[in-house]
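Asker: This is the content of upload-v2.cif (mmCIF, C-alpha atoms):
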data_structure
loop_
_atom_site.label_atom_id
_atom_site.label_comp_id
_atom_site.auth_asym_id
_atom_site.auth_seq_id
_atom_site.Cartn_x
_atom_site.Cartn_y
_atom_site.Cartn_z
CA MET A 1 10.98 -18.57 156.58
CA LYS A 2 11.43 -15.76 159.09
CA GLY A 3 8.63 -15.01 161.53
CA ILE A 4 7.09 -18.50 161.61
CA ARG A 5 4.30 -18.55 164.22
CA GLU A 6 2.33 -20.94 166.40
CA GLY A 7 -0.60 -22.45 164.51
CA ALA A 8 1.31 -22.40 161.22
CA LYS A 9 2.08 -25.52 159.21
CA ALA A 10 5.52 -26.84 160.14
CA PRO A 11 7.97 -27.15 157.22
CA THR A 12 8.56 -30.84 156.57
CA PHE A 13 12.05 -32.27 156.31
CA LYS A 14 14.11 -35.44 156.67
CA LEU A 15 17.66 -35.36 158.02
CA GLN A 16 20.03 -38.09 159.15
CA ASP A 17 21.76 -38.66 162.49
CA LYS A 18 25.27 -40.07 163.13
CA ASP A 19 24.10 -43.62 162.30
CA GLY A 20 22.28 -42.72 159.09
CA SER A 21 18.80 -43.00 160.66
CA THR A 22 16.23 -40.53 159.28
CA TYR A 23 14.38 -38.07 161.51
CA GLY A 24 12.19 -35.05 160.90
CA VAL A 25 8.67 -33.65 160.64
CA GLY A 26 6.65 -36.12 158.61
CA ALA A 27 9.14 -38.91 159.37
CA THR A 28 7.82 -39.86 162.85
CA LYS A 29 4.53 -41.33 164.06
CA SER A 30 4.60 -39.66 167.48
CA ASP A 31 1.85 -37.44 168.87
CA PHE A 32 4.41 -34.62 169.11
CA THR A 33 7.80 -33.83 167.60
CA VAL A 34 10.15 -31.61 169.59
CA LEU A 35 12.67 -29.84 167.35
CA TYR A 36 15.40 -28.07 169.21
CA PHE A 37 17.90 -26.05 167.20
CA TYR A 38 21.32 -25.56 168.78
CA PRO A 39 24.32 -23.54 167.50
CA LYS A 40 27.15 -26.09 167.35
CA ASP A 41 28.30 -29.55 168.45
CA ASP A 42 30.52 -29.84 171.52
CA THR A 43 30.18 -26.28 172.83
CA PRO A 44 29.37 -25.58 176.53
CA GLY A 45 25.72 -24.46 176.22
CA CYS A 46 24.89 -27.06 173.57
CA THR A 47 26.42 -29.83 175.69
CA ILE A 48 24.31 -28.87 178.72
CA GLU A 49 21.15 -28.81 176.59
CA ALA A 50 21.89 -32.15 174.87
CA GLN A 51 22.64 -33.83 178.22
CA ASP A 52 19.41 -32.42 179.66
CA PHE A 53 17.30 -33.83 176.82
CA SER A 54 19.14 -37.18 176.98
CA LYS A 55 18.51 -37.46 180.73
CA ASN A 56 14.76 -36.81 180.28
CA LEU A 57 14.30 -38.84 177.08
CA LYS A 58 12.14 -41.50 178.80
CA ASP A 59 9.71 -38.83 179.98
CA PHE A 60 9.34 -37.60 176.41
CA LYS A 61 8.67 -41.15 175.18
CA THR A 62 6.03 -41.58 177.88
CA ARG A 63 4.28 -38.51 176.45
CA LYS A 64 4.61 -39.96 172.93
CA ALA A 65 6.97 -37.19 171.86
CA THR A 66 10.06 -37.58 169.65
CA VAL A 67 12.95 -35.21 170.38
CA ILE A 68 15.32 -34.16 167.57
CA GLY A 69 18.33 -31.88 167.94
CA VAL A 70 19.17 -29.91 164.78
CA SER A 71 22.43 -28.11 163.98
CA GLY A 72 25.13 -27.87 161.31
CA GLY A 73 28.11 -30.20 161.15
CA ASP A 74 28.05 -33.72 159.74
CA LYS A 75 27.86 -37.36 160.85
CA LYS A 76 31.45 -37.28 162.16
CA THR A 77 30.91 -34.24 164.42
CA LYS A 78 27.67 -35.77 165.71
CA GLN A 79 29.36 -39.12 166.38
CA LYS A 80 32.21 -37.47 168.27
CA PHE A 81 29.83 -35.24 170.28
CA CYS A 82 27.54 -38.13 171.30
CA SER A 83 30.40 -40.47 172.18
CA LYS A 84 32.21 -37.87 174.29
CA TYR A 85 29.22 -37.13 176.54
CA GLY A 86 27.16 -40.34 176.21
CA LEU A 87 24.29 -38.54 174.52
CA THR A 88 21.20 -40.57 173.59
CA VAL A 89 19.05 -37.81 172.08
CA PRO A 90 18.93 -37.99 168.25
CA LEU A 91 21.07 -35.21 166.71
CA VAL A 92 20.72 -34.58 162.97
CA SER A 93 22.96 -32.67 160.59
CA ASP A 94 21.57 -29.63 158.78
CA ALA A 95 24.76 -29.10 156.77
CA ASP A 96 23.43 -26.39 154.41
CA PHE A 97 21.19 -24.81 157.12
CA SER A 98 18.13 -25.12 154.86
CA VAL A 99 15.93 -26.54 157.64
CA SER A 100 17.18 -23.96 160.15
CA ARG A 101 16.31 -21.19 157.67
CA ALA A 102 12.86 -22.68 157.05
CA TYR A 103 12.12 -22.46 160.80
CA GLY A 104 13.59 -18.98 161.17
CA ALA A 105 16.37 -20.40 163.34
CA TYR A 106 19.26 -19.15 161.23
CA GLY A 107 20.54 -15.63 160.77
CA GLU A 108 22.95 -12.94 161.88
CA LYS A 109 24.35 -13.25 165.39
CA LYS A 110 26.76 -11.15 167.42
CA PHE A 111 29.43 -12.22 169.87
CA MET A 112 31.91 -9.87 171.51
CA GLY A 113 31.15 -7.20 168.92
CA ARG A 114 31.65 -9.56 166.00
CA ALA A 115 28.77 -10.25 163.60
CA TYR A 116 28.42 -13.64 161.97
CA LYS A 117 25.73 -16.02 160.72
CA GLY A 118 24.69 -19.12 162.59
CA ILE A 119 21.87 -21.12 164.21
CA PHE A 120 19.78 -19.58 166.99
CA ARG A 121 18.90 -21.59 170.07
CA LYS A 122 15.16 -22.16 169.45
CA THR A 123 12.70 -25.00 170.11
CA PHE A 124 9.46 -25.97 168.36
CA ILE A 125 6.73 -28.44 169.38
CA VAL A 126 4.92 -29.85 166.32
CA ASP A 127 1.70 -31.86 166.79
CA SER A 128 0.61 -35.00 164.92
CA LYS A 129 -1.18 -32.88 162.29
CA GLY A 130 2.04 -31.09 161.42
CA THR A 131 1.02 -27.83 163.09
CA ILE A 132 3.40 -25.80 165.26
CA ALA A 133 1.82 -25.95 168.70
CA ARG A 134 4.50 -24.12 170.72
CA ILE A 135 7.61 -22.00 170.06
CA PHE A 136 10.42 -21.23 172.50
CA ASP A 137 12.27 -18.20 171.10
CA SER A 138 14.44 -17.53 174.13
CA VAL A 139 16.06 -20.73 175.39
CA LYS A 140 18.36 -21.25 178.34
CA PRO A 141 20.15 -24.62 178.01
CA GLU A 142 19.91 -25.67 181.65
CA GLY A 143 16.44 -26.95 182.60
CA HIS A 144 15.01 -26.46 179.11
CA ALA A 145 13.98 -30.13 178.76
CA ARG A 146 11.71 -29.87 181.81
CA GLU A 147 10.27 -26.65 180.41
CA VAL A 148 9.33 -28.46 177.18
CA LEU A 149 7.85 -31.41 179.13
CA LYS A 150 5.63 -28.98 181.04
CA ALA A 151 4.44 -27.47 177.74
CA LEU A 152 3.62 -30.95 176.40
CA ASP A 153 1.50 -31.65 179.50
CA GLU A 154 -0.36 -28.37 178.99
CA LEU A 155 -1.04 -29.22 175.35
CA ARG A 156 -2.28 -32.70 176.29
CA ARG A 157 -4.60 -31.31 179.00
CA GLY A 158 -6.02 -28.89 176.44
CA ASP A 159 -6.82 -31.78 174.08
CA LEU A 160 -8.47 -33.76 176.88
CA ARG A 161 -10.62 -30.83 177.96
CA ARG A 162 -11.88 -30.34 174.42
CA GLY A 163 -12.65 -34.05 174.07
CA GLY A 164 -14.17 -34.24 177.57
CA ALA A 165 -16.54 -31.34 176.97
CA LYS A 166 -18.07 -33.11 173.96
CA ALA A 167 -18.30 -36.40 175.80
CA GLY A 168 -19.91 -34.69 178.79
CA ALA A 169 -22.57 -33.03 176.67
CA THR A 170 -23.52 -36.32 175.07
CA LYS A 171 -23.71 -38.06 178.41
CA THR A 172 -25.96 -35.37 179.91
CA SER A 173 -28.44 -35.49 177.04
CA LYS A 174 -28.68 -39.26 177.31
CA VAL A 175 -29.35 -39.19 181.03
CA ALA A 176 -31.93 -36.38 180.82
CA THR A 177 -34.26 -38.28 178.50
CA PRO A 178 -34.98 -41.30 180.74
CA LYS A 179 -35.55 -39.06 183.79
CA SER A 180 -38.18 -36.92 182.09
CA ALA A 181 -39.83 -40.00 180.61
CA ALA A 182 -39.87 -41.75 183.98
CA LYS A 183 -41.94 -39.00 185.64
CA LYS A 184 -45.19 -39.88 183.84
CA PRO A 185 -45.39 -43.56 184.84
CA VAL A 186 -44.71 -42.59 188.48
CA ALA A 187 -47.63 -40.15 188.39
CA LYS A 188 -49.91 -42.79 186.87
CA VAL A 189 -48.95 -45.35 189.48
CA ALA A 190 -49.66 -42.85 192.22
CA LYS A 191 -53.09 -42.11 190.72
CA ARG A 192 -53.99 -45.79 190.47
CA SER A 193 -52.88 -46.37 194.01
CA SER A 194 -55.06 -43.48 195.26
CA SER A 195 -58.06 -44.79 193.30
CA LYS A 196 -57.52 -48.27 194.70
CA LYS A 197 -57.55 -46.91 198.25
CA VAL A 198 -60.88 -45.10 197.68
CA THR A 199 -62.42 -48.24 196.20
CA THR A 200 -61.21 -50.32 199.13
CA LYS A 201 -62.68 -47.86 201.66
CA LYS A 202 -66.06 -47.96 199.89
CA ALA A 203 -66.03 -51.74 199.82
CA ILE A 204 -65.26 -51.90 203.57
CA ALA A 205 -68.02 -49.38 204.35
CA LYS A 206 -70.51 -51.31 202.23
CA LYS A 207 -69.53 -54.57 203.88
CA ALA A 208 -69.98 -53.02 207.33
CA THR A 209 -73.41 -51.67 206.40
CA THR A 210 -74.47 -55.06 205.05
CA LYS A 211 -73.21 -56.79 208.19
CA LYS A 212 -75.07 -54.33 210.41
CA ALA A 213 -78.33 -54.83 208.46
CA THR A 214 -77.96 -58.62 208.71
CA ALA A 215 -77.42 -58.35 212.46
CA LYS A 216 -80.57 -56.23 212.85
CA LYS A 217 -82.64 -58.77 210.96
CA LYS A 218 -81.38 -61.57 213.15
CA THR A 219 -82.22 -59.58 216.30
CA ALA A 220 -85.69 -58.75 215.01
CA SER A 221 -86.39 -62.36 214.18
CA LYS A 222 -85.45 -63.44 217.71
CA LYS A 223 -87.92 -60.97 219.27
CA LEU A 224 -90.94 -62.21 217.28
CA PRO A 225 -93.33 -64.40 219.48
CA THR A 226 -93.60 -68.05 218.65
CA ARG A 227 -97.16 -69.01 217.60
CA LYS A 228 -98.54 -72.30 218.90
CA VAL A 229 -100.48 -74.39 216.49
CA THR A 230 -103.60 -76.04 218.03
CA ARG A 231 -104.82 -79.26 216.61
CA ARG A 232 -108.44 -79.56 216.06
#
Transcribe the structure of this file into structure tokens.
Answerer:
Amino acid sequence: MKGIREGAKAPTFKLQDKDGSTYGVGATKSDFTVLYFYPKDDTPGCTIEAQDFSKNLKDFKTRKATVIGVSGGDKKTKQKFCSKYGLTVPLVSDADFSVSRAYGAYGEKKFMGRAYKGIFRKTFIVDSKGTIARIFDSVKPEGHAREVLKALDELRRGDLRRGGAKAGATKTSKVATPKSAAKKPVAKVAKRSSSKKVTTKKAIAKKATTKKATAKKKTASKKLPTRKVTRR
């Protein structure tokens, strides 16, 4: 399918590696599947690219991504290629080029003025939903693995930002409610406190007035002359 784009549904497939293990879109449980199409086993550029992916395989596993190299050939060519260079990246055989065609990675090529058909060097990142998240149309073998790792990090950050924005909104709404509700009781407490102070002041003033009046009475009673009673 020529002209496959990002956001499109990735064609599903299942192909076998040198040991008969099955790989492909829909055959892994990883968060991402990295499909890299390469022209031919045991050629200079393809060797550099396969070694690069093998060297960085642990970093892909850390990011929960499965890497699959796809080209023509068969189990024997894959076995020979992996053994010769100590490759650990899974390489699967697309003998009839049906998968390469489905991804638009097969067609007419030119080399030294000669036209022929073969596999293009292209890479696809497919997410867990089976959607093509990223396409690398122009690939240079050296350093390509790090380029794909960087793209995976960008895709992961995008997912986290989307999830974080929702979580943040929920958190804000929850916090806002108690704050607004808490304002009223504070105001009431302040009002009660003010009222209590006024009442206390009145009570003190009243007590002082009563004390003063009592003192005056006592003073007045002391000044009164004592009457002598005469017996008759």
Asker: Would you write out, as a ChimeraX atom specification, every residue that the PyMOL selection byres ((chain A and resi 99-116) around 10) captures in this file?
Answerer: /A:1-5,10-15,24,35-39,70-72,93-98,117-124,137
Asker: Emit the selected residues as a PDB file, keeping the file's coordinate frame, including C-alpha atoms.
Answerer:
ATOM      1  CA  MET A   1      10.980 -18.570 156.580  1.00  0.00           C
ATOM      2  CA  LYS A   2      11.430 -15.760 159.090  1.00  0.00           C
ATOM      3  CA  GLY A   3       8.630 -15.010 161.530  1.00  0.00           C
ATOM      4  CA  ILE A   4       7.090 -18.500 161.610  1.00  0.00           C
ATOM      5  CA  ARG A   5       4.300 -18.550 164.220  1.00  0.00           C
ATOM      6  CA  ALA A  10       5.520 -26.840 160.140  1.00  0.00           C
ATOM      7  CA  PRO A  11       7.970 -27.150 157.220  1.00  0.00           C
ATOM      8  CA  THR A  12       8.560 -30.840 156.570  1.00  0.00           C
ATOM      9  CA  PHE A  13      12.050 -32.270 156.310  1.00  0.00           C
ATOM     10  CA  LYS A  14      14.110 -35.440 156.670  1.00  0.00           C
ATOM     11  CA  LEU A  15      17.660 -35.360 158.020  1.00  0.00           C
ATOM     12  CA  GLY A  24      12.190 -35.050 160.900  1.00  0.00           C
ATOM     13  CA  LEU A  35      12.670 -29.840 167.350  1.00  0.00           C
ATOM     14  CA  TYR A  36      15.400 -28.070 169.210  1.00  0.00           C
ATOM     15  CA  PHE A  37      17.900 -26.050 167.200  1.00  0.00           C
ATOM     16  CA  TYR A  38      21.320 -25.560 168.780  1.00  0.00           C
ATOM     17  CA  PRO A  39      24.320 -23.540 167.500  1.00  0.00           C
ATOM     18  CA  VAL A  70      19.170 -29.910 164.780  1.00  0.00           C
ATOM     19  CA  SER A  71      22.430 -28.110 163.980  1.00  0.00           C
ATOM     20  CA  GLY A  72      25.130 -27.870 161.310  1.00  0.00           C
ATOM     21  CA  SER A  93      22.960 -32.670 160.590  1.00  0.00           C
ATOM     22  CA  ASP A  94      21.570 -29.630 158.780  1.00  0.00           C
ATOM     23  CA  ALA A  95      24.760 -29.100 156.770  1.00  0.00           C
ATOM     24  CA  ASP A  96      23.430 -26.390 154.410  1.00  0.00           C
ATOM     25  CA  PHE A  97      21.190 -24.810 157.120  1.00  0.00           C
ATOM     26  CA  SER A  98      18.130 -25.120 154.860  1.00  0.00           C
ATOM     27  CA  LYS A 117      25.730 -16.020 160.720  1.00  0.00           C
ATOM     28  CA  GLY A 118      24.690 -19.120 162.590  1.00  0.00           C
ATOM     29  CA  ILE A 119      21.870 -21.120 164.210  1.00  0.00           C
ATOM     30  CA  PHE A 120      19.780 -19.580 166.990  1.00  0.00           C
ATOM     31  CA  ARG A 121      18.900 -21.590 170.070  1.00  0.00           C
ATOM     32  CA  LYS A 122      15.160 -22.160 169.450  1.00  0.00           C
ATOM     33  CA  THR A 123      12.700 -25.000 170.110  1.00  0.00           C
ATOM     34  CA  PHE A 124       9.460 -25.970 168.360  1.00  0.00           C
ATOM     35  CA  ASP A 137      12.270 -18.200 171.100  1.00  0.00           C
TER      36      ASP A 137
END
Asker: Would you pick out the contacts of range 138-151 of chain A at 8 Å or less, using only C-alpha atoms, so that residues sharing its chain but fewer than 6 positions from it are not included, and give the list as a PyMOL selection string?
Answerer: chain A and resi 45-46+48-49+52-53+56+59-60+121-123
Asker: Would you please work out which residue, of A:Ala27, A:Cys82, A:Leu91, A:Val34, is nearest to Arg63 in chain A when using only C-alpha atoms?
Answerer: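 For Arg63 in chain A, the nearest of the given residues is A:Val34.
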Asker: Using all atoms listed in the file for the distances, tell me which of A:Ala50, A:Lys64, A:Asp74, A:Pro44 is nearest to Gly86 in chain A.
Answerer: A:Ala50
Asker: So how far away is CA of Ser54 in chain A from CA of Lys76 in chain A, in Å?
Answerer: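 Taking CA of Lys76 in chain A and CA of Ser54 in chain A, their separation equals 19.3 Å.
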Asker: Please, what distance in Å, to one decimal, runs between CA of Gly130 in chain A and CA of Leu87 in chain A?
Answerer: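 Separation between CA of Gly130 in chain A and CA of Leu87 in chain A: 26.9 Å.
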Asker: Using all atoms listed in the file, which residues sit within 7 Å of Ser128 in chain A once same-chain residues fewer than 2 positions away are excluded, as a PDB file with C-alpha atoms, keeping the file's coordinate frame?
Answerer:
ATOM      1  CA  SER A  30       4.600 -39.660 167.480  1.00  0.00           C
ATOM      2  CA  ASP A  31       1.850 -37.440 168.870  1.00  0.00           C
ATOM      3  CA  PHE A  32       4.410 -34.620 169.110  1.00  0.00           C
ATOM      4  CA  VAL A 126       4.920 -29.850 166.320  1.00  0.00           C
ATOM      5  CA  GLY A 130       2.040 -31.090 161.420  1.00  0.00           C
TER       6      GLY A 130
END
Asker: CA of Asp42 in chain A and CA of Pro90 in chain A are how many Å apart?
Answerer: 14.5 Å
Asker: With distances taken over all atoms listed in the file, which of A:Gly69, A:Glu154, A:Gly20, A:Ile132 is nearest to Gly7 in chain A?
Answerer: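 With all atoms listed in the file as the atom set, the closest residue is A:Ile132.
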Asker: Pick out the closest residue to Gly26 in chain A from this set: A:Thr62, A:Ser83, A:Thr131, A:Gln51. Count all atoms listed in the file.
Answerer: A:Thr131
Asker: Ranking A:Val25, A:Ile135, A:Ile68, A:Val89 by minimum distance to Leu152 in chain A and counting only C-alpha atoms, which one comes first?
Answerer: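 That would be A:Ile135, the residue with the smallest distance to Leu152 in chain A.
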Asker: Closest to Ala8 in chain A among A:Ile125, A:Ala65, A:Ala133, A:Leu57, using all atoms listed in the file?
Answerer: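 Under the stated criterion, the closest residue is A:Ala133.
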Asker: Since the input lacks atoms, please generate N, CA and C atoms for range 93-118 of chain A and provide them as a CSV table (one decimal), in the coordinates of the input.
Answerer:
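So the final result, stored in part.csv, reads:
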chain,number,residue,atom,x,y,z
A,93,SER,N,22.1,-33.7,161.2
A,93,SER,CA,23.0,-32.7,160.6
A,93,SER,C,22.2,-31.9,159.5
A,94,ASP,N,22.2,-30.6,159.8
A,94,ASP,CA,21.6,-29.6,158.8
A,94,ASP,C,22.7,-28.9,158.1
A,95,ALA,N,23.5,-29.6,157.3
A,95,ALA,CA,24.8,-29.1,156.8
A,95,ALA,C,24.6,-27.8,156.0
A,96,ASP,N,23.6,-27.6,155.2
A,96,ASP,CA,23.4,-26.4,154.4
A,96,ASP,C,22.5,-25.4,155.1
A,97,PHE,N,22.1,-25.7,156.3
A,97,PHE,CA,21.2,-24.8,157.1
A,97,PHE,C,19.8,-24.5,156.5
A,98,SER,N,19.4,-25.3,155.5
A,98,SER,CA,18.1,-25.1,154.9
A,98,SER,C,16.9,-25.3,155.8
A,99,VAL,N,17.0,-26.3,156.7
A,99,VAL,CA,15.9,-26.5,157.6
A,99,VAL,C,15.9,-25.4,158.7
A,100,SER,N,17.1,-25.0,159.2
A,100,SER,CA,17.2,-24.0,160.2
A,100,SER,C,16.6,-22.7,159.6
A,101,ARG,N,16.9,-22.4,158.3
A,101,ARG,CA,16.3,-21.2,157.7
A,101,ARG,C,14.8,-21.3,157.6
A,102,ALA,N,14.3,-22.5,157.2
A,102,ALA,CA,12.9,-22.7,157.0
A,102,ALA,C,12.1,-22.4,158.4
A,103,TYR,N,12.7,-22.7,159.5
A,103,TYR,CA,12.1,-22.5,160.8
A,103,TYR,C,12.5,-21.1,161.4
A,104,GLY,N,13.2,-20.3,160.7
A,104,GLY,CA,13.6,-19.0,161.2
A,104,GLY,C,14.6,-19.1,162.3
A,105,ALA,N,15.4,-20.2,162.3
A,105,ALA,CA,16.4,-20.4,163.3
A,105,ALA,C,17.8,-20.2,162.9
A,106,TYR,N,17.9,-19.4,161.8
A,106,TYR,CA,19.3,-19.2,161.2
A,106,TYR,C,19.3,-17.7,160.8
A,107,GLY,N,20.4,-17.0,161.2
A,107,GLY,CA,20.5,-15.6,160.8
A,107,GLY,C,21.8,-15.0,161.4
A,108,GLU,N,21.8,-13.7,161.4
A,108,GLU,CA,23.0,-12.9,161.9
A,108,GLU,C,23.0,-12.9,163.4
A,109,LYS,N,24.1,-13.2,163.9
A,109,LYS,CA,24.4,-13.2,165.4
A,109,LYS,C,25.5,-12.4,165.7
A,110,LYS,N,25.6,-12.0,167.0
A,110,LYS,CA,26.8,-11.2,167.4
A,110,LYS,C,27.4,-11.7,168.7
A,111,PHE,N,28.7,-11.7,168.7
A,111,PHE,CA,29.4,-12.2,169.9
A,111,PHE,C,30.7,-11.4,170.0
A,112,MET,N,30.8,-10.7,171.2
A,112,MET,CA,31.9,-9.9,171.5
A,112,MET,C,32.2,-8.8,170.4
A,113,GLY,N,31.1,-8.3,169.9
A,113,GLY,CA,31.2,-7.2,168.9
A,113,GLY,C,31.4,-7.7,167.5
A,114,ARG,N,31.4,-9.0,167.3
A,114,ARG,CA,31.6,-9.6,166.0
A,114,ARG,C,30.4,-10.1,165.4
A,115,ALA,N,30.0,-9.8,164.2
A,115,ALA,CA,28.8,-10.2,163.6
A,115,ALA,C,29.1,-11.5,162.7
A,116,TYR,N,28.3,-12.4,162.8
A,116,TYR,CA,28.4,-13.6,162.0
A,116,TYR,C,27.1,-14.3,161.8
A,117,LYS,N,27.0,-15.3,160.9
A,117,LYS,CA,25.7,-16.0,160.7
A,117,LYS,C,25.8,-17.4,161.4
A,118,GLY,N,24.7,-17.8,162.0
A,118,GLY,CA,24.7,-19.1,162.6
A,118,GLY,C,23.3,-19.5,163.0
